[in-house]
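J.: final_29.cif is reproduced below (mmCIF, C-alpha atoms).
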```cif
data_target
loop_
_atom_site.group_PDB
_atom_site.id
_atom_site.type_symbol
_atom_site.label_atom_id
_atom_site.label_comp_id
_atom_site.auth_asym_id
_atom_site.auth_seq_id
_atom_site.Cartn_x
_atom_site.Cartn_y
_atom_site.Cartn_z
ATOM 1 C CA MET G 543 31.330 -3.334 14.124
ATOM 2 C CA THR G 544 30.879 -2.745 17.851
ATOM 3 C CA ASN G 545 34.620 -2.596 18.533
ATOM 4 C CA LYS G 546 35.211 -0.310 15.545
ATOM 5 C CA ILE G 547 32.546 2.102 16.788
ATOM 6 C CA LEU G 548 33.887 2.137 20.351
ATOM 7 C CA ASN G 549 37.428 2.644 19.043
ATOM 8 C CA PHE G 550 36.213 5.523 16.854
ATOM 9 C CA ILE G 551 34.480 7.159 19.817
ATOM 10 C CA ASN G 552 37.620 6.848 21.927
ATOM 11 C CA SER G 553 39.862 8.157 19.136
ATOM 12 C CA LYS G 554 37.738 11.297 18.851
ATOM 13 C CA GLY G 555 37.712 11.860 22.604
ATOM 14 C CA TYR G 556 33.932 11.750 22.820
ATOM 15 C CA ASN G 557 32.682 11.324 26.356
ATOM 16 C CA ILE G 558 29.682 9.005 26.347
ATOM 17 C CA GLN G 559 27.940 9.400 29.679
ATOM 18 C CA ASN G 560 25.443 6.576 30.026
ATOM 19 C CA LEU G 561 24.220 6.689 26.421
ATOM 20 C CA CYS G 562 24.383 8.305 23.006
ATOM 21 C CA LEU G 563 22.187 7.874 19.937
ATOM 22 C CA LEU G 564 24.178 6.616 16.991
ATOM 23 C CA GLY G 565 24.028 6.584 13.185
ATOM 24 C CA VAL G 566 26.299 4.881 10.635
ATOM 25 C CA ARG G 567 26.012 6.130 7.043
ATOM 26 C CA THR G 568 26.827 3.520 4.417
ATOM 27 C CA GLN G 569 29.119 4.051 1.448
ATOM 28 C CA LEU G 570 26.455 2.688 -0.929
ATOM 29 C CA ASN G 571 24.545 5.283 -2.949
ATOM 30 C CA VAL G 572 21.377 3.267 -3.390
ATOM 31 C CA PRO G 573 18.335 5.563 -3.451
ATOM 32 C CA ASN G 574 15.224 5.236 -1.314
ATOM 33 C CA VAL G 575 16.209 2.167 0.732
ATOM 34 C CA PHE G 576 17.096 1.626 4.384
ATOM 35 C CA ASN G 577 20.786 0.857 3.858
ATOM 36 C CA ASP G 578 22.180 2.801 6.825
ATOM 37 C CA LEU G 579 22.190 1.969 10.531
ATOM 38 C CA VAL G 580 20.760 3.908 13.458
ATOM 39 C CA GLY G 581 20.835 2.818 17.060
ATOM 40 C CA ILE G 582 22.264 3.511 20.476
ATOM 41 C CA VAL G 583 25.441 3.020 22.475
ATOM 42 C CA TYR G 584 25.093 2.840 26.244
ATOM 43 C CA LYS G 585 26.844 1.586 29.359
ATOM 44 C CA GLN G 586 24.901 -1.317 30.831
ATOM 45 C CA PRO G 587 23.948 -0.467 34.413
ATOM 46 C CA VAL G 588 24.016 -2.979 37.235
ATOM 47 C CA PHE G 589 20.613 -4.076 38.464
ATOM 48 C CA ASN G 590 19.926 -5.581 41.860
ATOM 49 C CA SER G 591 16.472 -7.072 41.883
ATOM 50 C CA GLY G 592 16.624 -8.002 45.558
ATOM 51 C CA GLY G 593 15.015 -11.294 44.613
ATOM 52 C CA ASN G 594 12.084 -9.571 42.874
ATOM 53 C CA THR G 595 11.693 -11.537 39.639
ATOM 54 C CA ILE G 596 9.035 -9.227 38.221
ATOM 55 C CA ALA G 597 11.386 -6.268 38.610
ATOM 56 C CA LEU G 598 14.190 -8.274 36.998
ATOM 57 C CA GLN G 599 12.043 -9.312 34.025
ATOM 58 C CA THR G 600 10.904 -5.734 33.523
ATOM 59 C CA PHE G 601 14.509 -4.534 33.606
ATOM 60 C CA LEU G 602 15.667 -7.165 31.101
ATOM 61 C CA ASN G 603 12.825 -6.249 28.732
ATOM 62 C CA THR G 604 13.737 -2.567 28.994
ATOM 63 C CA PHE G 605 17.166 -3.325 27.508
ATOM 64 C CA GLY G 606 15.981 -5.820 24.918
ATOM 65 C CA TYR G 607 17.331 -8.998 26.452
ATOM 66 C CA THR G 608 15.264 -11.917 25.205
ATOM 67 C CA ASP G 609 14.472 -15.585 25.675
ATOM 68 C CA GLN G 610 15.885 -18.409 23.536
ATOM 69 C CA GLU G 611 13.493 -17.546 20.687
ATOM 70 C CA GLY G 612 14.378 -13.871 20.627
ATOM 71 C CA LYS G 613 11.134 -12.853 22.315
ATOM 72 C CA SER G 614 10.554 -10.440 25.173
ATOM 73 C CA LEU G 615 10.036 -12.023 28.561
ATOM 74 C CA ARG G 616 6.617 -12.516 30.013
ATOM 75 C CA VAL G 617 6.577 -10.498 33.232
ATOM 76 C CA ASP G 618 5.057 -13.179 35.444
ATOM 77 C CA GLY G 619 7.459 -13.431 38.398
ATOM 78 C CA LYS G 620 8.562 -16.945 37.446
ATOM 79 C CA TYR G 621 12.322 -17.396 37.140
ATOM 80 C CA GLY G 622 12.542 -20.136 34.525
ATOM 81 C CA ALA G 623 14.762 -21.019 31.565
ATOM 82 C CA LYS G 624 13.606 -18.000 29.536
ATOM 83 C CA THR G 625 14.452 -15.481 32.227
ATOM 84 C CA GLU G 626 17.734 -17.269 32.906
ATOM 85 C CA HIS G 627 18.669 -17.020 29.209
ATOM 86 C CA ALA G 628 17.951 -13.279 29.127
ATOM 87 C CA PHE G 629 19.829 -12.748 32.388
ATOM 88 C CA LYS G 630 22.948 -14.454 31.018
ATOM 89 C CA GLN G 631 22.867 -12.126 28.011
ATOM 90 C CA TYR G 632 22.678 -9.156 30.356
ATOM 91 C CA GLU G 633 25.596 -10.407 32.491
ATOM 92 C CA LYS G 634 27.929 -10.207 29.483
ATOM 93 C CA PHE G 635 27.480 -6.428 29.314
ATOM 94 C CA VAL G 636 27.353 -5.330 32.952
ATOM 95 C CA ASN G 637 29.428 -2.151 33.323
ATOM 96 C CA LYS G 638 30.415 -2.392 29.642
ATOM 97 C CA TYR G 639 29.356 -0.365 26.615
ATOM 98 C CA ARG G 640 26.806 -2.068 24.411
ATOM 99 C CA VAL G 641 26.069 -1.017 20.820
ATOM 100 C CA LEU G 642 22.706 -1.717 19.201
ATOM 101 C CA LEU G 643 22.176 -0.879 15.526
ATOM 102 C CA PHE G 644 19.130 -1.266 13.292
ATOM 103 C CA ASN G 645 18.231 -0.860 9.618
ATOM 104 C CA ALA G 646 17.530 2.792 8.924
ATOM 105 C CA THR G 647 18.233 5.752 6.681
ATOM 106 C CA THR G 648 20.321 8.792 7.571
ATOM 107 C CA ASP G 649 19.429 10.428 4.240
ATOM 108 C CA PRO G 650 16.289 11.895 2.659
ATOM 109 C CA GLY G 651 14.122 9.647 0.539
ATOM 110 C CA THR G 652 13.845 10.034 -3.234
ATOM 111 C CA TYR G 653 10.679 12.108 -3.044
ATOM 112 C CA TYR G 654 12.232 14.923 -1.013
ATOM 113 C CA LEU G 655 15.538 14.786 -2.884
ATOM 114 C CA GLU G 656 13.614 15.487 -6.079
ATOM 115 C CA ASN G 657 11.070 17.780 -4.388
ATOM 116 C CA PRO G 658 12.925 19.519 -1.541
ATOM 117 C CA VAL G 659 10.875 21.220 1.163
ATOM 118 C CA ASN G 660 13.455 24.021 1.344
ATOM 119 C CA VAL G 661 14.221 26.049 -1.795
ATOM 120 C CA LYS G 662 17.937 25.719 -0.960
ATOM 121 C CA GLY G 663 17.733 21.938 -1.291
ATOM 122 C CA ALA G 664 17.051 18.756 0.637
ATOM 123 C CA ALA G 665 18.617 18.449 4.099
ATOM 124 C CA VAL G 666 21.365 15.823 4.400
ATOM 125 C CA LEU G 667 22.600 15.688 7.991
ATOM 126 C CA LYS G 668 26.352 16.256 8.237
ATOM 127 C CA GLU G 669 28.375 13.627 10.082
ATOM 128 C CA GLY G 670 29.539 14.530 13.570
ATOM 129 C CA MET G 671 28.615 14.670 17.245
ATOM 130 C CA TYR G 672 25.536 16.695 18.169
ATOM 131 C CA LYS G 673 25.513 17.341 21.888
ATOM 132 C CA ASP G 674 22.174 17.747 23.675
ATOM 133 C CA ALA G 675 20.377 17.917 20.315
ATOM 134 C CA PHE G 676 17.468 15.546 21.000
ATOM 135 C CA ARG G 677 14.962 14.496 23.623
ATOM 136 C CA ILE G 678 12.064 12.066 23.730
ATOM 137 C CA GLY G 679 8.856 13.497 22.303
ATOM 138 C CA TYR G 680 6.440 13.024 19.416
ATOM 139 C CA HIS G 681 7.222 13.241 15.713
ATOM 140 C CA LYS G 682 5.176 16.110 14.242
ATOM 141 C CA ASN G 683 3.355 16.229 17.611
ATOM 142 C CA LYS G 684 1.498 13.008 16.783
ATOM 143 C CA LYS G 685 0.723 11.176 20.016
ATOM 144 C CA ASP G 686 0.888 7.800 18.250
ATOM 145 C CA HIS G 687 4.415 8.444 16.963
ATOM 146 C CA LYS G 688 6.855 8.638 19.857
ATOM 147 C CA ALA G 689 10.338 9.607 18.693
ATOM 148 C CA PHE G 690 13.508 11.526 19.415
ATOM 149 C CA ILE G 691 12.847 15.131 18.463
ATOM 150 C CA GLN G 692 15.423 17.768 17.599
ATOM 151 C CA ILE G 693 15.820 20.456 20.270
ATOM 152 C CA GLY G 694 19.378 21.631 19.594
ATOM 153 C CA PRO G 695 21.212 22.831 16.470
ATOM 154 C CA VAL G 696 22.506 20.410 13.840
ATOM 155 C CA THR G 697 24.324 21.017 10.563
ATOM 156 C CA VAL G 698 22.943 19.926 7.197
ATOM 157 C CA TYR G 699 24.152 19.970 3.640
ATOM 158 C CA ARG G 700 21.669 21.400 1.134
ATOM 159 C CA ASP G 701 21.434 18.972 -1.806
ATOM 160 C CA ASN G 702 19.717 20.861 -4.606
ATOM 161 C CA ASP G 703 20.579 18.986 -7.802
ATOM 162 C CA LYS G 704 17.203 17.215 -7.582
ATOM 163 C CA ASP G 705 18.507 13.771 -8.478
ATOM 164 C CA ASN G 706 17.774 10.702 -6.364
ATOM 165 C CA ILE G 707 21.200 10.443 -4.694
ATOM 166 C CA PRO G 708 21.835 12.223 -1.353
ATOM 167 C CA GLU G 709 25.109 14.135 -1.550
ATOM 168 C CA LYS G 710 27.271 16.647 0.248
ATOM 169 C CA SER G 711 27.252 20.178 -1.117
ATOM 170 C CA ASN G 712 29.122 23.420 -0.600
ATOM 171 C CA LEU G 713 26.084 24.889 1.110
ATOM 172 C CA GLU G 714 25.825 24.071 4.820
ATOM 173 C CA GLU G 715 23.324 25.368 7.346
ATOM 174 C CA THR G 716 23.186 24.994 11.111
ATOM 175 C CA GLY G 717 19.971 25.344 13.053
ATOM 176 C CA LEU G 718 16.667 23.761 14.028
ATOM 177 C CA PHE G 719 15.204 21.951 11.028
ATOM 178 C CA GLY G 720 12.975 19.291 12.581
ATOM 179 C CA ILE G 721 15.578 16.578 11.974
ATOM 180 C CA ASN G 722 13.921 13.962 14.182
ATOM 181 C CA ILE G 723 14.826 10.322 14.762
ATOM 182 C CA HIS G 724 11.663 8.316 14.184
ATOM 183 C CA ARG G 725 10.229 5.224 12.504
ATOM 184 C CA ALA G 726 8.817 4.676 9.034
ATOM 185 C CA TYR G 727 5.874 2.475 8.079
ATOM 186 C CA ILE G 728 4.280 0.441 10.863
ATOM 187 C CA ASP G 729 4.516 -2.671 8.665
ATOM 188 C CA GLY G 730 8.251 -2.197 8.011
ATOM 189 C CA ARG G 731 8.275 -1.664 4.233
ATOM 190 C CA ASP G 732 11.527 -1.532 2.288
ATOM 191 C CA SER G 733 11.223 1.931 0.717
ATOM 192 C CA ILE G 734 11.770 5.299 2.423
ATOM 193 C CA ASP G 735 9.360 7.278 0.213
ATOM 194 C CA LYS G 736 8.124 10.371 2.083
ATOM 195 C CA TRP G 737 9.285 9.237 5.522
ATOM 196 C CA SER G 738 12.481 11.281 5.445
ATOM 197 C CA ALA G 739 13.087 14.840 4.275
ATOM 198 C CA GLY G 740 16.315 14.761 6.295
ATOM 199 C CA CYS G 741 15.245 12.852 9.401
ATOM 200 C CA GLN G 742 17.034 9.757 10.666
ATOM 201 C CA VAL G 743 14.431 7.046 10.166
ATOM 202 C CA LEU G 744 14.255 3.491 11.530
ATOM 203 C CA GLN G 745 12.764 0.900 9.196
ATOM 204 C CA GLU G 746 10.965 -1.034 11.942
ATOM 205 C CA VAL G 747 8.832 0.156 14.828
ATOM 206 C CA LYS G 748 10.296 -2.330 17.323
ATOM 207 C CA SER G 749 13.807 -0.960 16.733
ATOM 208 C CA LEU G 750 12.770 2.556 17.678
ATOM 209 C CA GLU G 751 10.748 1.289 20.623
ATOM 210 C CA LEU G 752 13.817 -0.425 22.097
ATOM 211 C CA MET G 753 15.930 2.720 21.652
ATOM 212 C CA LEU G 754 13.234 4.770 23.371
ATOM 213 C CA SER G 755 12.971 2.232 26.194
ATOM 214 C CA ILE G 756 16.697 2.398 26.920
ATOM 215 C CA ALA G 757 16.895 6.178 26.581
ATOM 216 C CA GLN G 758 13.919 6.688 28.868
ATOM 217 C CA TYR G 759 15.566 4.505 31.527
ATOM 218 C CA PHE G 760 18.526 6.897 31.642
ATOM 219 C CA LYS G 761 16.996 10.217 30.661
ATOM 220 C CA GLY G 762 13.269 10.166 31.277
ATOM 221 C CA THR G 763 11.332 12.187 28.714
ATOM 222 C CA THR G 764 12.760 15.648 29.326
ATOM 223 C CA LYS G 765 16.554 15.422 29.450
ATOM 224 C CA LYS G 766 18.727 16.156 26.424
ATOM 225 C CA ILE G 767 20.364 13.360 24.423
ATOM 226 C CA ASP G 768 23.434 13.346 22.146
ATOM 227 C CA TYR G 769 23.533 11.954 18.600
ATOM 228 C CA LEU G 770 26.674 10.815 16.788
ATOM 229 C CA LEU G 771 26.569 10.277 13.009
ATOM 230 C CA ILE G 772 29.556 8.410 11.536
ATOM 231 C CA ARG G 773 30.573 7.573 7.991
ATOM 232 C CA GLU G 774 31.031 3.815 7.553
ATOM 233 C CA GLN G 775 34.372 4.362 5.806
ATOM 234 C CA ASP G 776 35.728 6.208 8.873
ATOM 235 C CA LEU G 777 35.381 3.162 11.090
#
```
Represent the structure contained in this file as structure tokens.

T.:
Amino acid sequence: MTNKILNFINSKGYNIQNLCLLGVRTQLNVPNVFNDLVGIVYKQPVFNSGGNTIALQTFLNTFGYTDQEGKSLRVDGKYGAKTEHAFKQYEKFVNKYRVLLFNATTDPGTYYLENPVNVKGAAVLKEGMYKDAFRIGYHKNKKDHKAFIQIGPVTVYRDNDKDNIPEKSNLEETGLFGINIHRAYIDGRDSIDKWSAGCQVLQEVKSLELMLSIAQYFKGTTKKIDYLLIREQDL
């Protein structure tokens, strides 16, 4: 899927500078499950450790490069087989675009489809590129829930038929709706439930943590970040 996504980005003329948050909406209309993908596309920067193994291990962990067992490196300053394995993964992407995608939902869960917060209907984010629409912050201002928070306008469909299937509608709105990109249950359960009223929600905490780690490397916690939502059938 990586090549299809990069080809799609190029075909649309989108200019990805360093990184962009990314969503892929599935064709399957299965309610209340994490059957979409959310992640990040970024250009892997070159890192010169200057022989500092601790700095190298920290850098590799920041971008999710792992040892042979898929585990993060222990930052101990020892350049052994585990660090070598992670480094070889990193070398494959130097100065290239890398796409990381994780199980997620780009649609509201059943609860908010049937009980919309807004009288006009549940918010279903419209596909497209949203420039400078997010930054790193806290979901609902909760200090234990770091996330990407909406700071720029996005467009949503208002689904008001109150069934359990998220759908496009003739009613669109553009504005600030609190459409954040955050995680669901800490224990990674399979159902969306009340975790999305329109937000883009990662199923697992570790997936969001890696996205935040990469984004913070490039952007810190204050700079604006783009988000691109694509339909799977358009790839």

J.: Taking the file above as input, evaluate the PyMOL selection byres ((chain G and resi 557-571) around 9) and report the hits as a ChimeraX atom specification.

T.: /G:551-552,555-556,572-573,577-587,639,641-643,646-649,669,707-709,742,753,756-757,760,767-775

J.: Expand the PyMOL selection byres ((chain G and resi 677) around 12) into the explicit residue set it covers here, and present it as a VMD selection string.

T.: chain G and resid 562 to 563 673 to 676 678 to 681 688 to 694 721 to 724 753 to 754 757 to 758 760 to 769

J.: Please write as a ChimeraX atom specification the list of polymer residues whose atoms come within 12 Å of (12.9, 21.3, 6.8), counting all atoms listed in the file and keeping to the coordinates of the file.

T.: /G:650,654-655,657-667,682,692,696,698-700,715-722,738-741

J.: Name every residue that the PyMOL selection byres ((chain G and resi 592-596) around 10) selects in this structure, writing the answer as a PDB file with C-alpha atoms, in the coordinates of the input with chains first and numbers rising.

T.:
```
ATOM      1  CA  PHE G 589      20.613  -4.076  38.464  1.00  0.00           C
ATOM      2  CA  ASN G 590      19.926  -5.581  41.860  1.00  0.00           C
ATOM      3  CA  SER G 591      16.472  -7.072  41.883  1.00  0.00           C
ATOM      4  CA  ALA G 597      11.386  -6.268  38.610  1.00  0.00           C
ATOM      5  CA  LEU G 598      14.190  -8.274  36.998  1.00  0.00           C
ATOM      6  CA  GLN G 599      12.043  -9.312  34.025  1.00  0.00           C
ATOM      7  CA  THR G 600      10.904  -5.734  33.523  1.00  0.00           C
ATOM      8  CA  PHE G 601      14.509  -4.534  33.606  1.00  0.00           C
ATOM      9  CA  LEU G 602      15.667  -7.165  31.101  1.00  0.00           C
ATOM     10  CA  ARG G 616       6.617 -12.516  30.013  1.00  0.00           C
ATOM     11  CA  VAL G 617       6.577 -10.498  33.232  1.00  0.00           C
ATOM     12  CA  ASP G 618       5.057 -13.179  35.444  1.00  0.00           C
ATOM     13  CA  GLY G 619       7.459 -13.431  38.398  1.00  0.00           C
ATOM     14  CA  LYS G 620       8.562 -16.945  37.446  1.00  0.00           C
ATOM     15  CA  TYR G 621      12.322 -17.396  37.140  1.00  0.00           C
ATOM     16  CA  THR G 625      14.452 -15.481  32.227  1.00  0.00           C
TER      17      THR G 625
END
```

J.: One decimal, in Å: what's the spacing between CA of Asp703 in chain G and CA of Tyr653 in chain G?

T.: 13.0 Å

J.: May I have the centre and edge lengths, in Å to one decimal, of an axis-aligned box around the listed atoms of range 716-735 of chain G with 8 Å added to every side, as AutoDock Vina command-line options?

T.:
```
--center_x 13.7 --center_y 11.3 --center_z 7.5 --size_x 34.9 --size_y 44.0 --size_z 30.5
```
